[in-house]
>>> print(open('final.cif').read())   # mmCIF, N, CA and C atoms and all ligand atoms
data_data
loop_
_atom_site.label_atom_id
_atom_site.label_comp_id
_atom_site.auth_asym_id
_atom_site.auth_seq_id
_atom_site.Cartn_x
_atom_site.Cartn_y
_atom_site.Cartn_z
N MET A 1 2.22 8.06 -16.77
CA MET A 1 0.88 8.25 -16.21
C MET A 1 0.14 9.33 -16.98
N THR A 2 -1.12 9.08 -17.30
CA THR A 2 -1.91 10.10 -18.00
C THR A 2 -2.53 11.03 -16.97
N THR A 3 -3.03 12.15 -17.46
CA THR A 3 -3.65 13.11 -16.56
C THR A 3 -5.01 13.52 -17.09
N ASN A 4 -5.88 13.87 -16.16
CA ASN A 4 -7.19 14.43 -16.51
C ASN A 4 -7.25 15.87 -16.05
N SER A 5 -7.70 16.75 -16.89
CA SER A 5 -7.87 18.14 -16.49
C SER A 5 -9.28 18.33 -15.98
N SER A 6 -9.45 19.20 -15.03
CA SER A 6 -10.80 19.52 -14.58
C SER A 6 -11.49 20.29 -15.69
N SER A 7 -12.83 20.46 -15.57
CA SER A 7 -13.58 21.12 -16.62
C SER A 7 -13.10 22.55 -16.82
N LYS A 8 -12.61 23.20 -15.75
CA LYS A 8 -12.12 24.57 -15.89
C LYS A 8 -10.63 24.61 -16.23
N GLY A 9 -10.00 23.42 -16.26
CA GLY A 9 -8.60 23.38 -16.60
C GLY A 9 -7.69 23.95 -15.52
N LEU A 10 -8.18 24.08 -14.30
CA LEU A 10 -7.40 24.72 -13.25
C LEU A 10 -6.56 23.72 -12.47
N SER A 11 -6.98 22.47 -12.42
CA SER A 11 -6.21 21.50 -11.66
C SER A 11 -6.03 20.23 -12.48
N VAL A 12 -4.96 19.53 -12.19
CA VAL A 12 -4.68 18.28 -12.90
C VAL A 12 -4.57 17.18 -11.87
N LYS A 13 -5.45 16.19 -11.97
CA LYS A 13 -5.41 15.07 -11.03
C LYS A 13 -4.92 13.85 -11.79
N PRO A 14 -3.86 13.21 -11.30
CA PRO A 14 -3.40 12.02 -12.00
C PRO A 14 -4.47 10.95 -12.02
N SER A 15 -4.54 10.20 -13.10
CA SER A 15 -5.51 9.11 -13.16
C SER A 15 -4.83 7.79 -12.79
N TYR A 16 -5.63 6.85 -12.33
CA TYR A 16 -5.12 5.56 -11.87
C TYR A 16 -4.65 4.75 -13.07
N ASP A 17 -3.46 4.21 -12.97
CA ASP A 17 -2.90 3.36 -14.03
C ASP A 17 -3.26 1.91 -13.74
N ASP A 18 -4.17 1.38 -14.53
CA ASP A 18 -4.69 0.03 -14.31
C ASP A 18 -3.64 -1.06 -14.53
N ASP A 19 -2.49 -0.66 -15.05
CA ASP A 19 -1.44 -1.63 -15.35
C ASP A 19 -0.34 -1.65 -14.30
N ASN A 20 -0.50 -0.87 -13.20
CA ASN A 20 0.55 -0.89 -12.18
C ASN A 20 0.65 -2.29 -11.56
N VAL A 21 1.80 -2.57 -10.98
CA VAL A 21 2.10 -3.94 -10.56
C VAL A 21 1.10 -4.46 -9.50
N PHE A 22 0.61 -3.59 -8.63
CA PHE A 22 -0.33 -4.06 -7.60
C PHE A 22 -1.72 -4.29 -8.19
N ALA A 23 -2.10 -3.52 -9.21
CA ALA A 23 -3.36 -3.79 -9.90
C ALA A 23 -3.30 -5.16 -10.56
N ARG A 24 -2.13 -5.49 -11.10
CA ARG A 24 -1.96 -6.80 -11.76
C ARG A 24 -1.99 -7.93 -10.74
N ILE A 25 -1.42 -7.69 -9.55
CA ILE A 25 -1.49 -8.69 -8.48
C ILE A 25 -2.94 -8.87 -8.05
N LEU A 26 -3.67 -7.77 -7.89
CA LEU A 26 -5.08 -7.86 -7.46
C LEU A 26 -5.91 -8.64 -8.48
N ARG A 27 -5.61 -8.47 -9.77
CA ARG A 27 -6.35 -9.19 -10.82
C ARG A 27 -5.93 -10.65 -10.92
N GLY A 28 -4.80 -11.00 -10.26
CA GLY A 28 -4.31 -12.37 -10.38
C GLY A 28 -3.42 -12.57 -11.59
N ASP A 29 -3.06 -11.46 -12.27
CA ASP A 29 -2.17 -11.56 -13.44
C ASP A 29 -0.73 -11.81 -13.03
N LEU A 30 -0.38 -11.37 -11.81
CA LEU A 30 0.96 -11.60 -11.26
C LEU A 30 0.82 -12.34 -9.94
N PRO A 31 1.76 -13.24 -9.63
CA PRO A 31 1.68 -13.96 -8.35
C PRO A 31 2.12 -13.10 -7.18
N CYS A 32 1.71 -13.49 -5.98
CA CYS A 32 2.23 -12.86 -4.77
C CYS A 32 2.19 -13.90 -3.66
N GLN A 33 2.98 -13.64 -2.62
CA GLN A 33 2.97 -14.52 -1.44
C GLN A 33 1.94 -13.95 -0.47
N LYS A 34 0.71 -14.40 -0.63
CA LYS A 34 -0.41 -13.80 0.11
C LYS A 34 -0.39 -14.18 1.59
N ILE A 35 -0.70 -13.20 2.44
CA ILE A 35 -0.78 -13.42 3.88
C ILE A 35 -2.21 -13.30 4.36
N TYR A 36 -2.95 -12.38 3.74
CA TYR A 36 -4.28 -12.04 4.26
C TYR A 36 -5.09 -11.43 3.12
N GLU A 37 -6.39 -11.72 3.13
CA GLU A 37 -7.28 -11.08 2.16
C GLU A 37 -8.67 -10.99 2.75
N ASP A 38 -9.33 -9.85 2.55
CA ASP A 38 -10.76 -9.72 2.85
C ASP A 38 -11.37 -8.82 1.79
N GLU A 39 -12.58 -8.36 2.01
CA GLU A 39 -13.24 -7.58 0.94
C GLU A 39 -12.60 -6.22 0.72
N PHE A 40 -11.81 -5.75 1.67
CA PHE A 40 -11.22 -4.41 1.57
C PHE A 40 -9.75 -4.40 1.21
N ALA A 41 -9.04 -5.48 1.51
CA ALA A 41 -7.57 -5.42 1.46
C ALA A 41 -6.95 -6.75 1.08
N LEU A 42 -5.74 -6.63 0.54
CA LEU A 42 -4.90 -7.80 0.27
C LEU A 42 -3.52 -7.50 0.87
N ALA A 43 -2.93 -8.50 1.52
CA ALA A 43 -1.59 -8.33 2.10
C ALA A 43 -0.69 -9.45 1.60
N PHE A 44 0.55 -9.07 1.26
CA PHE A 44 1.51 -10.04 0.72
C PHE A 44 2.91 -9.57 1.03
N TYR A 45 3.87 -10.50 0.98
CA TYR A 45 5.26 -10.16 1.27
C TYR A 45 5.86 -9.30 0.15
N ASP A 46 6.66 -8.31 0.57
CA ASP A 46 7.37 -7.48 -0.40
C ASP A 46 8.41 -8.33 -1.13
N ILE A 47 8.55 -8.08 -2.42
CA ILE A 47 9.47 -8.87 -3.24
C ILE A 47 10.94 -8.56 -2.91
N ASN A 48 11.18 -7.40 -2.32
CA ASN A 48 12.55 -6.96 -2.00
C ASN A 48 12.60 -6.50 -0.55
N PRO A 49 12.56 -7.46 0.40
CA PRO A 49 12.34 -7.10 1.81
C PRO A 49 13.44 -6.24 2.40
N GLN A 50 13.05 -5.24 3.16
CA GLN A 50 13.98 -4.31 3.83
C GLN A 50 14.08 -4.59 5.33
N ALA A 51 13.44 -5.65 5.78
CA ALA A 51 13.46 -6.07 7.18
C ALA A 51 13.11 -7.55 7.19
N PRO A 52 13.39 -8.27 8.30
CA PRO A 52 13.05 -9.70 8.33
C PRO A 52 11.58 -9.97 8.00
N VAL A 53 10.71 -9.09 8.44
CA VAL A 53 9.29 -9.15 8.02
C VAL A 53 9.00 -7.85 7.27
N HIS A 54 8.64 -7.96 6.02
CA HIS A 54 8.29 -6.77 5.21
C HIS A 54 7.08 -7.15 4.36
N VAL A 55 5.95 -6.59 4.75
CA VAL A 55 4.67 -6.93 4.13
C VAL A 55 4.04 -5.67 3.56
N LEU A 56 3.32 -5.84 2.47
CA LEU A 56 2.56 -4.73 1.88
C LEU A 56 1.08 -5.01 2.06
N VAL A 57 0.34 -4.00 2.49
CA VAL A 57 -1.12 -4.12 2.59
C VAL A 57 -1.70 -3.10 1.62
N ILE A 58 -2.57 -3.57 0.72
CA ILE A 58 -3.13 -2.68 -0.30
C ILE A 58 -4.65 -2.75 -0.26
N PRO A 59 -5.32 -1.63 -0.54
CA PRO A 59 -6.78 -1.67 -0.62
C PRO A 59 -7.21 -2.33 -1.93
N LYS A 60 -8.40 -2.90 -1.94
CA LYS A 60 -8.92 -3.53 -3.17
C LYS A 60 -9.32 -2.48 -4.20
N GLY A 61 -9.69 -1.30 -3.72
CA GLY A 61 -10.13 -0.23 -4.63
C GLY A 61 -8.96 0.43 -5.33
N GLN A 62 -9.27 1.17 -6.39
CA GLN A 62 -8.24 1.81 -7.21
C GLN A 62 -7.90 3.20 -6.67
N TYR A 63 -6.91 3.25 -5.77
CA TYR A 63 -6.46 4.52 -5.18
C TYR A 63 -4.96 4.65 -5.41
N ILE A 64 -4.54 5.81 -5.86
CA ILE A 64 -3.16 6.02 -6.26
C ILE A 64 -2.23 6.13 -5.05
N SER A 65 -2.71 6.79 -4.02
CA SER A 65 -1.82 7.15 -2.91
C SER A 65 -2.64 7.30 -1.63
N PHE A 66 -1.92 7.53 -0.53
CA PHE A 66 -2.63 7.81 0.72
C PHE A 66 -3.52 9.05 0.58
N SER A 67 -3.00 10.07 -0.09
CA SER A 67 -3.80 11.30 -0.27
C SER A 67 -5.09 10.98 -1.00
N ASP A 68 -4.98 10.20 -2.08
CA ASP A 68 -6.15 9.83 -2.87
C ASP A 68 -7.11 9.00 -2.01
N PHE A 69 -6.56 7.99 -1.32
CA PHE A 69 -7.40 7.10 -0.51
C PHE A 69 -8.11 7.86 0.60
N SER A 70 -7.36 8.69 1.33
CA SER A 70 -7.95 9.36 2.50
C SER A 70 -9.00 10.38 2.09
N SER A 71 -8.87 10.92 0.87
CA SER A 71 -9.84 11.95 0.47
C SER A 71 -10.99 11.41 -0.35
N THR A 72 -10.83 10.25 -1.01
CA THR A 72 -11.91 9.81 -1.90
C THR A 72 -12.53 8.44 -1.55
N ALA A 73 -11.88 7.62 -0.75
CA ALA A 73 -12.47 6.32 -0.39
C ALA A 73 -13.64 6.54 0.58
N SER A 74 -14.57 5.60 0.59
CA SER A 74 -15.70 5.70 1.52
C SER A 74 -15.21 5.42 2.95
N SER A 75 -15.99 5.88 3.92
CA SER A 75 -15.64 5.62 5.32
C SER A 75 -15.57 4.12 5.58
N ASN A 76 -16.45 3.39 4.92
CA ASN A 76 -16.46 1.93 5.07
C ASN A 76 -15.15 1.31 4.58
N GLU A 77 -14.70 1.78 3.42
CA GLU A 77 -13.44 1.26 2.86
C GLU A 77 -12.26 1.63 3.76
N ILE A 78 -12.25 2.87 4.26
CA ILE A 78 -11.13 3.31 5.10
C ILE A 78 -11.10 2.50 6.39
N ALA A 79 -12.26 2.35 7.02
CA ALA A 79 -12.31 1.57 8.26
C ALA A 79 -11.91 0.12 7.99
N GLY A 80 -12.45 -0.44 6.92
CA GLY A 80 -12.15 -1.84 6.59
C GLY A 80 -10.67 -2.05 6.33
N PHE A 81 -10.07 -1.08 5.62
CA PHE A 81 -8.65 -1.20 5.29
C PHE A 81 -7.78 -1.11 6.55
N ILE A 82 -8.08 -0.12 7.39
CA ILE A 82 -7.27 0.05 8.61
C ILE A 82 -7.41 -1.19 9.51
N ARG A 83 -8.62 -1.72 9.60
CA ARG A 83 -8.80 -2.95 10.40
C ARG A 83 -8.03 -4.11 9.79
N ALA A 84 -7.98 -4.16 8.47
CA ALA A 84 -7.22 -5.23 7.81
C ALA A 84 -5.74 -5.13 8.14
N VAL A 85 -5.19 -3.90 8.17
CA VAL A 85 -3.78 -3.73 8.52
C VAL A 85 -3.54 -4.28 9.93
N GLY A 86 -4.44 -3.96 10.84
CA GLY A 86 -4.32 -4.48 12.21
C GLY A 86 -4.41 -6.00 12.24
N SER A 87 -5.30 -6.55 11.43
CA SER A 87 -5.44 -8.02 11.38
C SER A 87 -4.17 -8.67 10.86
N VAL A 88 -3.54 -8.02 9.87
CA VAL A 88 -2.29 -8.56 9.31
C VAL A 88 -1.21 -8.60 10.40
N ALA A 89 -1.09 -7.50 11.15
CA ALA A 89 -0.10 -7.46 12.24
C ALA A 89 -0.39 -8.58 13.25
N GLY A 90 -1.66 -8.77 13.57
CA GLY A 90 -2.03 -9.84 14.49
C GLY A 90 -1.69 -11.21 13.93
N LYS A 91 -2.00 -11.40 12.65
CA LYS A 91 -1.74 -12.68 12.02
C LYS A 91 -0.24 -12.99 11.94
N LEU A 92 0.55 -11.94 11.74
CA LEU A 92 2.01 -12.13 11.68
C LEU A 92 2.61 -12.32 13.08
N GLY A 93 1.85 -11.98 14.13
CA GLY A 93 2.34 -12.13 15.51
C GLY A 93 3.41 -11.13 15.87
N VAL A 94 3.31 -9.91 15.31
CA VAL A 94 4.38 -8.92 15.53
C VAL A 94 3.95 -7.77 16.46
N GLU A 95 2.75 -7.88 17.05
CA GLU A 95 2.30 -6.77 17.91
C GLU A 95 3.28 -6.53 19.05
N GLU A 96 3.85 -7.60 19.57
CA GLU A 96 4.98 -7.53 20.50
C GLU A 96 6.13 -8.31 19.87
N PRO A 97 7.33 -7.75 19.78
CA PRO A 97 7.79 -6.48 20.34
C PRO A 97 7.52 -5.26 19.47
N GLY A 98 6.79 -5.40 18.39
CA GLY A 98 6.38 -4.20 17.67
C GLY A 98 6.67 -4.22 16.19
N TYR A 99 6.15 -3.21 15.51
CA TYR A 99 6.30 -3.10 14.06
C TYR A 99 6.17 -1.64 13.64
N ARG A 100 6.54 -1.39 12.40
CA ARG A 100 6.46 -0.02 11.85
C ARG A 100 5.58 -0.05 10.60
N LEU A 101 4.72 0.95 10.50
CA LEU A 101 3.91 1.15 9.29
C LEU A 101 4.43 2.36 8.56
N LEU A 102 4.43 2.28 7.22
CA LEU A 102 4.94 3.40 6.43
C LEU A 102 4.16 3.47 5.11
N ALA A 103 3.78 4.67 4.73
CA ALA A 103 3.10 4.85 3.43
C ALA A 103 3.81 5.96 2.67
N ASN A 104 4.57 5.60 1.65
CA ASN A 104 5.19 6.61 0.80
C ASN A 104 4.11 7.26 -0.06
N THR A 105 4.17 8.56 -0.16
CA THR A 105 3.12 9.29 -0.90
C THR A 105 3.78 10.39 -1.71
N GLY A 106 3.76 10.22 -3.03
CA GLY A 106 4.26 11.28 -3.89
C GLY A 106 5.77 11.24 -4.13
N LEU A 107 6.23 12.19 -4.92
CA LEU A 107 7.60 12.20 -5.44
C LEU A 107 8.68 12.23 -4.36
N ASP A 108 8.57 13.14 -3.41
CA ASP A 108 9.62 13.27 -2.40
C ASP A 108 9.75 12.00 -1.55
N SER A 109 8.67 11.25 -1.44
CA SER A 109 8.70 10.04 -0.61
C SER A 109 9.27 8.84 -1.36
N HIS A 110 9.46 9.00 -2.68
CA HIS A 110 9.95 7.91 -3.53
C HIS A 110 8.91 6.81 -3.68
N GLN A 111 7.65 7.16 -3.74
CA GLN A 111 6.61 6.15 -4.01
C GLN A 111 6.81 5.61 -5.42
N GLU A 112 7.05 4.30 -5.50
CA GLU A 112 7.33 3.69 -6.81
C GLU A 112 6.08 3.13 -7.46
N VAL A 113 5.24 2.49 -6.67
CA VAL A 113 4.04 1.85 -7.23
C VAL A 113 2.84 2.74 -6.97
N GLN A 114 2.14 3.08 -8.03
CA GLN A 114 1.08 4.08 -7.94
C GLN A 114 -0.28 3.43 -7.61
N HIS A 115 -0.25 2.54 -6.64
CA HIS A 115 -1.47 2.01 -6.02
C HIS A 115 -1.21 2.10 -4.52
N PHE A 116 -2.06 2.82 -3.79
CA PHE A 116 -1.82 3.04 -2.36
C PHE A 116 -1.46 1.74 -1.64
N HIS A 117 -0.44 1.81 -0.81
CA HIS A 117 -0.03 0.63 -0.03
C HIS A 117 0.62 1.08 1.26
N ILE A 118 0.49 0.23 2.25
CA ILE A 118 1.17 0.43 3.53
C ILE A 118 2.21 -0.66 3.68
N HIS A 119 3.44 -0.23 4.00
CA HIS A 119 4.49 -1.19 4.32
C HIS A 119 4.38 -1.53 5.80
N LEU A 120 4.53 -2.79 6.13
CA LEU A 120 4.64 -3.23 7.53
C LEU A 120 6.01 -3.87 7.69
N PHE A 121 6.83 -3.27 8.58
CA PHE A 121 8.18 -3.79 8.85
C PHE A 121 8.22 -4.33 10.27
N ALA A 122 8.92 -5.45 10.46
CA ALA A 122 9.06 -6.03 11.80
C ALA A 122 10.16 -7.07 11.76
N GLY A 123 10.37 -7.67 12.94
CA GLY A 123 11.29 -8.81 13.01
C GLY A 123 12.65 -8.49 13.55
N LYS A 124 12.91 -7.21 13.86
CA LYS A 124 14.17 -6.81 14.50
C LYS A 124 13.97 -5.38 15.00
N PRO A 125 14.86 -4.90 15.91
CA PRO A 125 14.78 -3.49 16.27
C PRO A 125 15.00 -2.64 15.00
N LEU A 126 14.09 -1.74 14.73
CA LEU A 126 14.09 -1.06 13.43
C LEU A 126 14.87 0.25 13.42
N GLY A 127 15.37 0.66 14.57
CA GLY A 127 16.23 1.84 14.58
C GLY A 127 15.45 3.12 14.39
N PRO A 128 16.19 4.23 14.18
CA PRO A 128 15.51 5.51 14.01
C PRO A 128 14.71 5.53 12.71
N MET A 129 13.76 6.43 12.66
CA MET A 129 12.79 6.40 11.57
C MET A 129 13.40 6.72 10.21
N LEU A 130 14.28 7.73 10.17
CA LEU A 130 14.87 8.11 8.89
C LEU A 130 16.38 8.19 9.03
N THR A 131 17.11 7.80 7.95
CA THR A 131 18.54 8.04 7.95
C THR A 131 18.78 9.48 7.53
N ARG A 132 19.84 10.09 8.08
CA ARG A 132 20.10 11.49 7.75
C ARG A 132 21.02 11.60 6.55
P1 LIG A 201 6.99 2.18 -2.67
O1 LIG A 201 8.38 2.67 -2.95
O2 LIG A 201 6.05 2.46 -3.83
O3 LIG A 201 6.45 2.67 -1.36
O4 LIG A 201 7.09 0.63 -2.48
C1 LIG A 201 6.81 -0.30 -3.48
C2 LIG A 201 7.22 -1.66 -2.96
O5 LIG A 201 6.69 -2.64 -3.82
C3 LIG A 201 8.74 -1.87 -2.92
O6 LIG A 201 9.14 -2.17 -1.58
C4 LIG A 201 8.97 -3.06 -3.87
O7 LIG A 201 9.97 -3.95 -3.43
C5 LIG A 201 7.59 -3.71 -3.91
N1 LIG A 201 7.29 -4.41 -5.16
C6 LIG A 201 7.49 -3.94 -6.42
N2 LIG A 201 7.08 -4.85 -7.33
C7 LIG A 201 6.62 -5.92 -6.60
C8 LIG A 201 6.06 -7.18 -7.00
O8 LIG A 201 5.90 -7.52 -8.17
N3 LIG A 201 5.70 -8.02 -6.00
C9 LIG A 201 5.85 -7.69 -4.68
N4 LIG A 201 5.46 -8.58 -3.78
N5 LIG A 201 6.37 -6.51 -4.28
C10 LIG A 201 6.76 -5.63 -5.24
#
>>> encode(input="final.cif", output="structure tokens")
Amino acid sequence: MTTNSSSKGLSVKPSYDDDNVFARILRGDLPCQKIYEDEFALAFYDINPQAPVHVLVIPKGQYISFSDFSSTASSNEIAGFIRAVGSVAGKLGVEEPGYRLLANTGLDSHQEVQHFHIHLFAGKPLGPMLTR
């Protein structure tokens, strides 16, 4: 990943890598098993599912992480994206008995793909939130 320095050189903000796998899916360069799409979001099945239902919801805009999205996306994009996540859960029929949302952000979280995404897990009792 390349970096941009601020004009004063005091902070370094990572720049968006247009070649990340989700950017390629959004462009149609890579296939995905699509579940839902609107002007704000795309949802598709994870290629390596960790639960009977494991879906990724990604914003259409170029945001690296939750931190980037929450601080720089417009209110319209944020509202549209959150509503899309809810629509995906409704479309999957998992509101009962429930589901888990997760957004890995940054190194300690093990975020692998540098395009903001929310994981939606469902389809069985999911157990405690983190293994010790
Ligand atoms: P992260 O660790 O960044 O939160 O999660 C990235 C997720 O993207 C992983 O669960 C991984 O299985 C999924 N993933 C990586 N490459 C692809 C791909 O090409 N297609 C799909 N559908 N999922 C992918």
>>> select_by_dssp(input="final.cif", residues="segment 29-123 of chain A", states="strand (DSSP E)", output="VMD selection string")
chain A and resid 34 to 37 41 to 45 53 to 59 99 to 102 118 to 122
>>> write_last_selection(input="final.cif", atoms="N, CA and C atoms", output="tab-separated table (two decimals), in the frame of the given file")
chain	number	residue	atom	x	y	z
A	34	LYS	N	0.71	-14.40	-0.63
A	34	LYS	CA	-0.41	-13.80	0.11
A	34	LYS	C	-0.39	-14.18	1.59
A	35	ILE	N	-0.70	-13.20	2.44
A	35	ILE	CA	-0.78	-13.42	3.88
A	35	ILE	C	-2.21	-13.30	4.36
A	36	TYR	N	-2.95	-12.38	3.74
A	36	TYR	CA	-4.28	-12.04	4.26
A	36	TYR	C	-5.09	-11.43	3.12
A	37	GLU	N	-6.39	-11.72	3.13
A	37	GLU	CA	-7.28	-11.08	2.16
A	37	GLU	C	-8.67	-10.99	2.75
A	41	ALA	N	-9.04	-5.48	1.51
A	41	ALA	CA	-7.57	-5.42	1.46
A	41	ALA	C	-6.95	-6.75	1.08
A	42	LEU	N	-5.74	-6.63	0.54
A	42	LEU	CA	-4.90	-7.80	0.27
A	42	LEU	C	-3.52	-7.50	0.87
A	43	ALA	N	-2.93	-8.50	1.52
A	43	ALA	CA	-1.59	-8.33	2.10
A	43	ALA	C	-0.69	-9.45	1.60
A	44	PHE	N	0.55	-9.07	1.26
A	44	PHE	CA	1.51	-10.04	0.72
A	44	PHE	C	2.91	-9.57	1.03
A	45	TYR	N	3.87	-10.50	0.98
A	45	TYR	CA	5.26	-10.16	1.27
A	45	TYR	C	5.86	-9.30	0.15
A	53	VAL	N	10.71	-9.09	8.44
A	53	VAL	CA	9.29	-9.15	8.02
A	53	VAL	C	9.00	-7.85	7.27
A	54	HIS	N	8.64	-7.96	6.02
A	54	HIS	CA	8.29	-6.77	5.21
A	54	HIS	C	7.08	-7.15	4.36
A	55	VAL	N	5.95	-6.59	4.75
A	55	VAL	CA	4.67	-6.93	4.13
A	55	VAL	C	4.04	-5.67	3.56
A	56	LEU	N	3.32	-5.84	2.47
A	56	LEU	CA	2.56	-4.73	1.88
A	56	LEU	C	1.08	-5.01	2.06
A	57	VAL	N	0.34	-4.00	2.49
A	57	VAL	CA	-1.12	-4.12	2.59
A	57	VAL	C	-1.70	-3.10	1.62
A	58	ILE	N	-2.57	-3.57	0.72
A	58	ILE	CA	-3.13	-2.68	-0.30
A	58	ILE	C	-4.65	-2.75	-0.26
A	59	PRO	N	-5.32	-1.63	-0.54
A	59	PRO	CA	-6.78	-1.67	-0.62
A	59	PRO	C	-7.21	-2.33	-1.93
A	99	TYR	N	6.15	-3.21	15.51
A	99	TYR	CA	6.30	-3.10	14.06
A	99	TYR	C	6.17	-1.64	13.64
A	100	ARG	N	6.54	-1.39	12.40
A	100	ARG	CA	6.46	-0.02	11.85
A	100	ARG	C	5.58	-0.05	10.60
A	101	LEU	N	4.72	0.95	10.50
A	101	LEU	CA	3.91	1.15	9.29
A	101	LEU	C	4.43	2.36	8.56
A	102	LEU	N	4.43	2.28	7.22
A	102	LEU	CA	4.94	3.40	6.43
A	102	LEU	C	4.16	3.47	5.11
A	118	ILE	N	0.49	0.23	2.25
A	118	ILE	CA	1.17	0.43	3.53
A	118	ILE	C	2.21	-0.66	3.68
A	119	HIS	N	3.44	-0.23	4.00
A	119	HIS	CA	4.49	-1.19	4.32
A	119	HIS	C	4.38	-1.53	5.80
A	120	LEU	N	4.53	-2.79	6.13
A	120	LEU	CA	4.64	-3.23	7.53
A	120	LEU	C	6.01	-3.87	7.69
A	121	PHE	N	6.83	-3.27	8.58
A	121	PHE	CA	8.18	-3.79	8.85
A	121	PHE	C	8.22	-4.33	10.27
A	122	ALA	N	8.92	-5.45	10.46
A	122	ALA	CA	9.06	-6.03	11.80
A	122	ALA	C	10.16	-7.07	11.76
>>> closest_residue(input="final.cif", among="A:Ile25, A:Ala89, A:Ala84, A:Leu126", to="Val55 of chain A", atoms="only C-alpha atoms")
A:Ala89
>>> residues_near_ligand(input="final.cif", ligand="ligand LIG 201 (chain A)", cutoff="6.5 Å", atoms="only N, CA and C atoms and all ligand atoms", output="PDB file with N, CA and C atoms, in the frame of the given file")
ATOM      1  N   VAL A  21       1.800  -2.570 -10.980  1.00  0.00           N
ATOM      2  CA  VAL A  21       2.100  -3.940 -10.560  1.00  0.00           C
ATOM      3  C   VAL A  21       1.100  -4.460  -9.500  1.00  0.00           C
ATOM      4  N   PRO A  31       1.760 -13.240  -9.630  1.00  0.00           N
ATOM      5  CA  PRO A  31       1.680 -13.960  -8.350  1.00  0.00           C
ATOM      6  C   PRO A  31       2.120 -13.100  -7.180  1.00  0.00           C
ATOM      7  N   CYS A  32       1.710 -13.490  -5.980  1.00  0.00           N
ATOM      8  CA  CYS A  32       2.230 -12.860  -4.770  1.00  0.00           C
ATOM      9  C   CYS A  32       2.190 -13.900  -3.660  1.00  0.00           C
ATOM     10  N   GLN A  33       2.980 -13.640  -2.620  1.00  0.00           N
ATOM     11  CA  GLN A  33       2.970 -14.520  -1.440  1.00  0.00           C
ATOM     12  C   GLN A  33       1.940 -13.950  -0.470  1.00  0.00           C
ATOM     13  N   PHE A  44       0.550  -9.070   1.260  1.00  0.00           N
ATOM     14  CA  PHE A  44       1.510 -10.040   0.720  1.00  0.00           C
ATOM     15  C   PHE A  44       2.910  -9.570   1.030  1.00  0.00           C
ATOM     16  N   TYR A  45       3.870 -10.500   0.980  1.00  0.00           N
ATOM     17  CA  TYR A  45       5.260 -10.160   1.270  1.00  0.00           C
ATOM     18  C   TYR A  45       5.860  -9.300   0.150  1.00  0.00           C
ATOM     19  N   ASP A  46       6.660  -8.310   0.570  1.00  0.00           N
ATOM     20  CA  ASP A  46       7.370  -7.480  -0.400  1.00  0.00           C
ATOM     21  C   ASP A  46       8.410  -8.330  -1.130  1.00  0.00           C
ATOM     22  N   ILE A  47       8.550  -8.080  -2.420  1.00  0.00           N
ATOM     23  CA  ILE A  47       9.470  -8.870  -3.240  1.00  0.00           C
ATOM     24  C   ILE A  47      10.940  -8.560  -2.910  1.00  0.00           C
ATOM     25  N   ASN A  48      11.180  -7.400  -2.320  1.00  0.00           N
ATOM     26  CA  ASN A  48      12.550  -6.960  -2.000  1.00  0.00           C
ATOM     27  C   ASN A  48      12.600  -6.500  -0.550  1.00  0.00           C
ATOM     28  N   PRO A  49      12.560  -7.460   0.400  1.00  0.00           N
ATOM     29  CA  PRO A  49      12.340  -7.100   1.810  1.00  0.00           C
ATOM     30  C   PRO A  49      13.440  -6.240   2.400  1.00  0.00           C
ATOM     31  N   ALA A 103       3.780   4.670   4.730  1.00  0.00           N
ATOM     32  CA  ALA A 103       3.100   4.850   3.430  1.00  0.00           C
ATOM     33  C   ALA A 103       3.810   5.960   2.670  1.00  0.00           C
ATOM     34  N   ASN A 104       4.570   5.600   1.650  1.00  0.00           N
ATOM     35  CA  ASN A 104       5.190   6.610   0.800  1.00  0.00           C
ATOM     36  C   ASN A 104       4.110   7.260  -0.060  1.00  0.00           C
ATOM     37  N   THR A 105       4.170   8.560  -0.160  1.00  0.00           N
ATOM     38  CA  THR A 105       3.120   9.290  -0.900  1.00  0.00           C
ATOM     39  C   THR A 105       3.780  10.390  -1.710  1.00  0.00           C
ATOM     40  N   SER A 109       8.670  11.250  -1.440  1.00  0.00           N
ATOM     41  CA  SER A 109       8.700  10.040  -0.610  1.00  0.00           C
ATOM     42  C   SER A 109       9.270   8.840  -1.360  1.00  0.00           C
ATOM     43  N   HIS A 110       9.460   9.000  -2.680  1.00  0.00           N
ATOM     44  CA  HIS A 110       9.950   7.910  -3.530  1.00  0.00           C
ATOM     45  C   HIS A 110       8.910   6.810  -3.680  1.00  0.00           C
ATOM     46  N   GLN A 111       7.650   7.160  -3.740  1.00  0.00           N
ATOM     47  CA  GLN A 111       6.610   6.150  -4.010  1.00  0.00           C
ATOM     48  C   GLN A 111       6.810   5.610  -5.420  1.00  0.00           C
ATOM     49  N   GLU A 112       7.050   4.300  -5.500  1.00  0.00           N
ATOM     50  CA  GLU A 112       7.330   3.690  -6.810  1.00  0.00           C
ATOM     51  C   GLU A 112       6.080   3.130  -7.460  1.00  0.00           C
ATOM     52  N   VAL A 113       5.240   2.490  -6.670  1.00  0.00           N
ATOM     53  CA  VAL A 113       4.040   1.850  -7.230  1.00  0.00           C
ATOM     54  C   VAL A 113       2.840   2.740  -6.970  1.00  0.00           C
ATOM     55  N   GLN A 114       2.140   3.080  -8.030  1.00  0.00           N
ATOM     56  CA  GLN A 114       1.080   4.080  -7.940  1.00  0.00           C
ATOM     57  C   GLN A 114      -0.280   3.430  -7.610  1.00  0.00           C
TER      58      GLN A 114
END
>>> atom_distance(input="final.cif", atom1="atom N of Gly90 of chain A", atom2="atom CA of Pro128 of chain A")
22.3 Å
>>> atom_distance(input="final.cif", atom1="atom CA of Asn20 of chain A", atom2="atom N of Val94 of chain A")
29.1 Å
>>> closest_residue(input="final.cif", among="A:Phe121, A:Thr131, A:Ile58, A:Leu92", to="Phe22 of chain A", atoms="all atoms listed in the file")
A:Ile58
